[in-house]
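Colleague: Sending over a structure as structure tokens; questions will come in a sec.
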Amino acid sequence: MKKFFEDIKKDIKFKSAGPGKKLAEGGSSKPRVVQNSGPARPHHAAPTEGAQKAGAAAMARIEGQPRPRAQTSQDAIRLQVKRELEAEAAAVAATEKEKITAVEGSSVKDPAFLSVTGVYFTCPLTGATLTKSEREVHIKEAIFMRFEEDAVEASIMMVHTFNKDREKVKAAVDIISKYIENICKNPTEEKYRKIKLSNKVFQEKVKTVEGSREFLQAVGFQSIMLDVEGQEESEEFLVLMEHDPEALEVMKDSMDRLQRGEPVRAQLDHQPQTFRPSPNAMRFELPPEFYNLTAEELKREQQQKSEAVEKNTMLRTKAMREREEQRERRKYNYTLLRIRLPDGNILQGTFLAWDKVSVLFQFVRDSLVDGWQPFELVAPGGHKLREAQELALNECSLVPAVLLTFSWDAAVQADISAALLKPVLLKNIQTLG
């Protein structure tokens, strides 16, 4: 079986590799993958029939094919491996095209001169490091793979992650909760254990939300064709066959999990880096991902900067200046911050433009040996940042790239001579070009 999967991967990667290259030619490198250092996963029992059906239904829905009645675990894994590699090849190709287009439209031509290679994210399910364009596909694949372990958990992730309209999600969750509450209150009433799929409420409120049917099947509902009084043809129903007290308690617990569910989102990788003392600490060259602008808008911004001197000579009201500053802040999705430490070494990290100041302080604290001690961060112009501030980084004009100065609080400065970075960061210290 292992050899079979390897053959599938080789065949798909060969077909998606594009035109060949000479052996001497270099290839593009992929982003690093963060290894999951958490505890080993406990051994899970083989997936139940309900879990297999829910997983099969989820993948069939995405494929746009009729939902299979039954599918073996082995078949599901085989299909998933093929789909995963096809998605990976498509995502990598799209990413490369996006990078080429963006760089051609910016003033930076050689990636070697960039202050940071790009913006990366970490998948909370797999620990993989991803580019922005890879996030959605990777997370979907990771959720589908969860059906083998916990179909209820995977279907809840589907409901809250695959659907962008939060109001529709809430409406579907409320209706599904009502189904379950009615069953628990009236466990012997057969009518409450049957859901007619042609029902208007189900069609408009539940079916339209991805993952809702998968959840119902994961908690025990089965698809059955039943005769309907007054109709010649039978109709499809979701029917709950078991209703013993223990099963009902498990279903209620699953309902609570569904109600508390949250979207699975990739987390920004701060990419902590350290540099030796350098006169180039204030020189920044950012990749296009940092800007909330298209390539054409980036060109236009360069022209606008050349007109800034003339504009600053004009008499403007305070309200006009504030509106202009707000527009300026909205240009950036991310910010690259450097912190100069007392020994001259420089700590660098990538942040969301709307991250709170407290996120920056925590990043610095996590990077220092004595990070638990009180310290100060000073922005250009001598402005001291305060950790308790509820302001975002862009509201403090800390975008798109800024050099900050670190100093210990006066109360502990006499006891600490320097801000020592953790050994894991010092091990990979670099020199700014």
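Each chain of the structure tokens is named A, B, ... in the order shown, its residues numbered from 1; ligands are numbered from 1 in display order.
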When you look at Val412 (chain A) with a cut-off of 10 Å (counting only C-alpha atoms), what residues show up, excluding the ones that are within fewer than 4 positions of it in the same chain? I need them as a list of chain:residue names.
Modeller: A:Gln373, A:Pro374, A:Phe375, A:Trp408, A:Ile416, A:Ser417
Colleague: For the residues in that selection, give me N, CA and C atoms as a CSV table (one decimal), in the first residue's frame.
Modeller:
```
chain,number,residue,atom,x,y,z
A,373,GLN,N,11.3,40.2,32.8
A,373,GLN,CA,11.6,41.5,33.4
A,373,GLN,C,10.9,42.7,32.6
A,374,PRO,N,10.5,43.8,33.3
A,374,PRO,CA,9.9,44.9,32.6
A,374,PRO,C,10.8,45.6,31.7
A,375,PHE,N,10.4,46.0,30.5
A,375,PHE,CA,11.2,46.7,29.6
A,375,PHE,C,10.3,47.7,28.8
A,408,TRP,N,15.7,48.3,29.1
A,408,TRP,CA,15.1,47.8,30.3
A,408,TRP,C,14.5,48.9,31.1
A,416,ILE,N,20.6,44.3,35.1
A,416,ILE,CA,20.7,43.6,33.9
A,416,ILE,C,21.5,44.4,32.9
A,417,SER,N,22.7,43.9,32.5
A,417,SER,CA,23.6,44.7,31.7
A,417,SER,C,23.2,44.7,30.2
```
Colleague: Could you pull out the helix (DSSP H, G or I) residues of region 166-413 of chain A from DSSP and send them as a PyMOL selection string?
Modeller: chain A and resi 166-185+190-193+200-206+212-218+245-260+288-290+295-306+308-312+318-329+357-367+394-396+410-413
Colleague: Write out as a JSON list (two decimals) with N, CA and C atoms, in the first residue's frame which residues come within 8 Å of Ala401 (chain A) when counting only C-alpha atoms, dropping same-chain ones fewer than 2 positions away.
Modeller:
```
[["chain", "number", "residue", "atom", "x", "y", "z"],
["A", 284, "PHE", "N", 14.98, 48.97, 4.60],
["A", 284, "PHE", "CA", 13.97, 47.93, 4.41],
["A", 284, "PHE", "C", 13.62, 47.79, 2.93],
["A", 335, "THR", "N", 3.37, 44.33, 8.70],
["A", 335, "THR", "CA", 4.46, 45.25, 9.01],
["A", 335, "THR", "C", 5.67, 44.46, 9.49],
["A", 336, "LEU", "N", 6.84, 44.92, 9.09],
["A", 336, "LEU", "CA", 8.11, 44.30, 9.49],
["A", 336, "LEU", "C", 8.75, 45.18, 10.55],
["A", 337, "LEU", "N", 8.92, 44.64, 11.75],
["A", 337, "LEU", "CA", 9.46, 45.43, 12.86],
["A", 337, "LEU", "C", 10.81, 44.88, 13.30],
["A", 338, "ARG", "N", 11.75, 45.79, 13.51],
["A", 338, "ARG", "CA", 13.06, 45.44, 14.04],
["A", 338, "ARG", "C", 13.23, 46.12, 15.40],
["A", 398, "LEU", "N", 3.25, 52.25, 13.02],
["A", 398, "LEU", "CA", 4.33, 51.26, 12.96],
["A", 398, "LEU", "C", 4.19, 50.39, 11.71],
["A", 399, "VAL", "N", 3.90, 51.00, 10.58],
["A", 399, "VAL", "CA", 3.78, 50.31, 9.30],
["A", 399, "VAL", "C", 4.47, 51.16, 8.23],
["A", 403, "LEU", "N", 12.12, 50.58, 12.79],
["A", 403, "LEU", "CA", 13.16, 50.16, 13.74],
["A", 403, "LEU", "C", 12.85, 50.75, 15.10]]
```
Colleague: Pick out each residue of region 177-319 of chain A that DSSP on the backbone tags as strand (DSSP E); I need them as a PyMOL selection string.
Modeller: chain A and resi 194-196+221-226+235-240+267-268+273-275
Colleague: One number please: CA of Lys252 (chain A) to CA of Thr126 (chain A), in Å, one decimal.
Modeller: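 The value is 28.5 Å.
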Colleague: Leaving out Pro380 (chain A) and any residue of its chain fewer than 5 positions from it, which residues lie within 9 Å of it when counting only C-alpha atoms, given as a VMD selection string?
Modeller: chain A and resid 402 to 405
Colleague: Might you pull out every residue within 8 Å of region 179-183 of chain A, with only C-alpha atoms counted and same-chain residues fewer than 3 positions away left off, and present them as a list of chain:residue names?
Modeller: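 Answer for this query is A:Ile175, A:Ile176, A:Asn186, A:Pro187, A:Glu189, A:Tyr192, A:Arg193, A:Met251, A:Lys252, A:Met255.
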Colleague: Dump N, CA and C atoms for the selected residues as a PDB file, in the first residue's frame?
Modeller:
```pdb
ATOM      1  N   ILE A 175     -30.933  25.471  13.768  1.00  0.00           N
ATOM      2  CA  ILE A 175     -31.918  24.488  13.301  1.00  0.00           C
ATOM      3  C   ILE A 175     -31.464  23.070  13.642  1.00  0.00           C
ATOM      4  N   ILE A 176     -30.171  22.772  13.418  1.00  0.00           N
ATOM      5  CA  ILE A 176     -29.643  21.454  13.761  1.00  0.00           C
ATOM      6  C   ILE A 176     -29.777  21.210  15.263  1.00  0.00           C
ATOM      7  N   ASN A 186     -38.026  14.042  23.288  1.00  0.00           N
ATOM      8  CA  ASN A 186     -39.037  13.063  22.898  1.00  0.00           C
ATOM      9  C   ASN A 186     -38.359  11.862  22.222  1.00  0.00           C
ATOM     10  N   PRO A 187     -37.574  11.102  22.974  1.00  0.00           N
ATOM     11  CA  PRO A 187     -36.769  10.036  22.378  1.00  0.00           C
ATOM     12  C   PRO A 187     -37.566   8.916  21.721  1.00  0.00           C
ATOM     13  N   GLU A 189     -40.513   9.410  20.100  1.00  0.00           N
ATOM     14  CA  GLU A 189     -41.316   9.938  18.986  1.00  0.00           C
ATOM     15  C   GLU A 189     -40.550   9.775  17.675  1.00  0.00           C
ATOM     16  N   TYR A 192     -39.632  12.870  15.202  1.00  0.00           N
ATOM     17  CA  TYR A 192     -38.519  13.770  15.482  1.00  0.00           C
ATOM     18  C   TYR A 192     -37.176  13.195  15.019  1.00  0.00           C
ATOM     19  N   ARG A 193     -37.165  11.886  14.749  1.00  0.00           N
ATOM     20  CA  ARG A 193     -35.923  11.250  14.329  1.00  0.00           C
ATOM     21  C   ARG A 193     -35.805  11.136  12.814  1.00  0.00           C
ATOM     22  N   MET A 251     -24.870  12.678  21.645  1.00  0.00           N
ATOM     23  CA  MET A 251     -25.381  13.603  20.635  1.00  0.00           C
ATOM     24  C   MET A 251     -25.509  15.021  21.198  1.00  0.00           C
ATOM     25  N   LYS A 252     -25.963  15.137  22.435  1.00  0.00           N
ATOM     26  CA  LYS A 252     -26.065  16.456  23.068  1.00  0.00           C
ATOM     27  C   LYS A 252     -24.692  17.097  23.211  1.00  0.00           C
ATOM     28  N   MET A 255     -23.696  18.412  19.912  1.00  0.00           N
ATOM     29  CA  MET A 255     -24.432  19.654  19.635  1.00  0.00           C
ATOM     30  C   MET A 255     -23.750  20.839  20.322  1.00  0.00           C
TER      31      MET A 255
END
```
Colleague: From the options A:Phe221, A:Phe144, A:Tyr334, A:Phe406, which residue's atoms come nearest to Pro288 (chain A), counting only C-alpha atoms?
Modeller: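 Answer, going by the shortest atom-to-atom distance: A:Tyr334.
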Colleague: State, in Å with one decimal place, the distance from CA of Thr122 (chain A) to CA of His270 (chain A).
Modeller: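 These atoms are spaced 9.7 Å apart.
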Colleague: Mind giving me the straight-line distance from CA of Gln273 (chain A) to CA of Thr350 (chain A) in Å, one decimal?
Modeller: 9.6 Å
Colleague: Residues within 12 Å of Glu204 (chain A), please, as a PyMOL selection string. Count only C-alpha atoms; anything in the same chain fewer than 4 positions from it doesn't count.
Modeller: chain A and resi 168-169+171-172+175+197-200+208-209
Colleague: Considering only C-alpha atoms, state which residue in the set A:Ser212, A:Glu141, A:Ile195, A:Pro245 is at the smallest distance from Leu226 (chain A).
Modeller: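 Once distances to Leu226 (chain A) are computed over only C-alpha atoms, the minimum belongs to A:Ile195.
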Colleague: Ranking A:Gly344, A:Gly261, A:Pro423, A:Gly382 by minimum distance to Arg166 (chain A) and counting only C-alpha atoms, which one comes first?
Modeller: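 Counting only C-alpha atoms, the residue closest to Arg166 (chain A) is A:Gly261.
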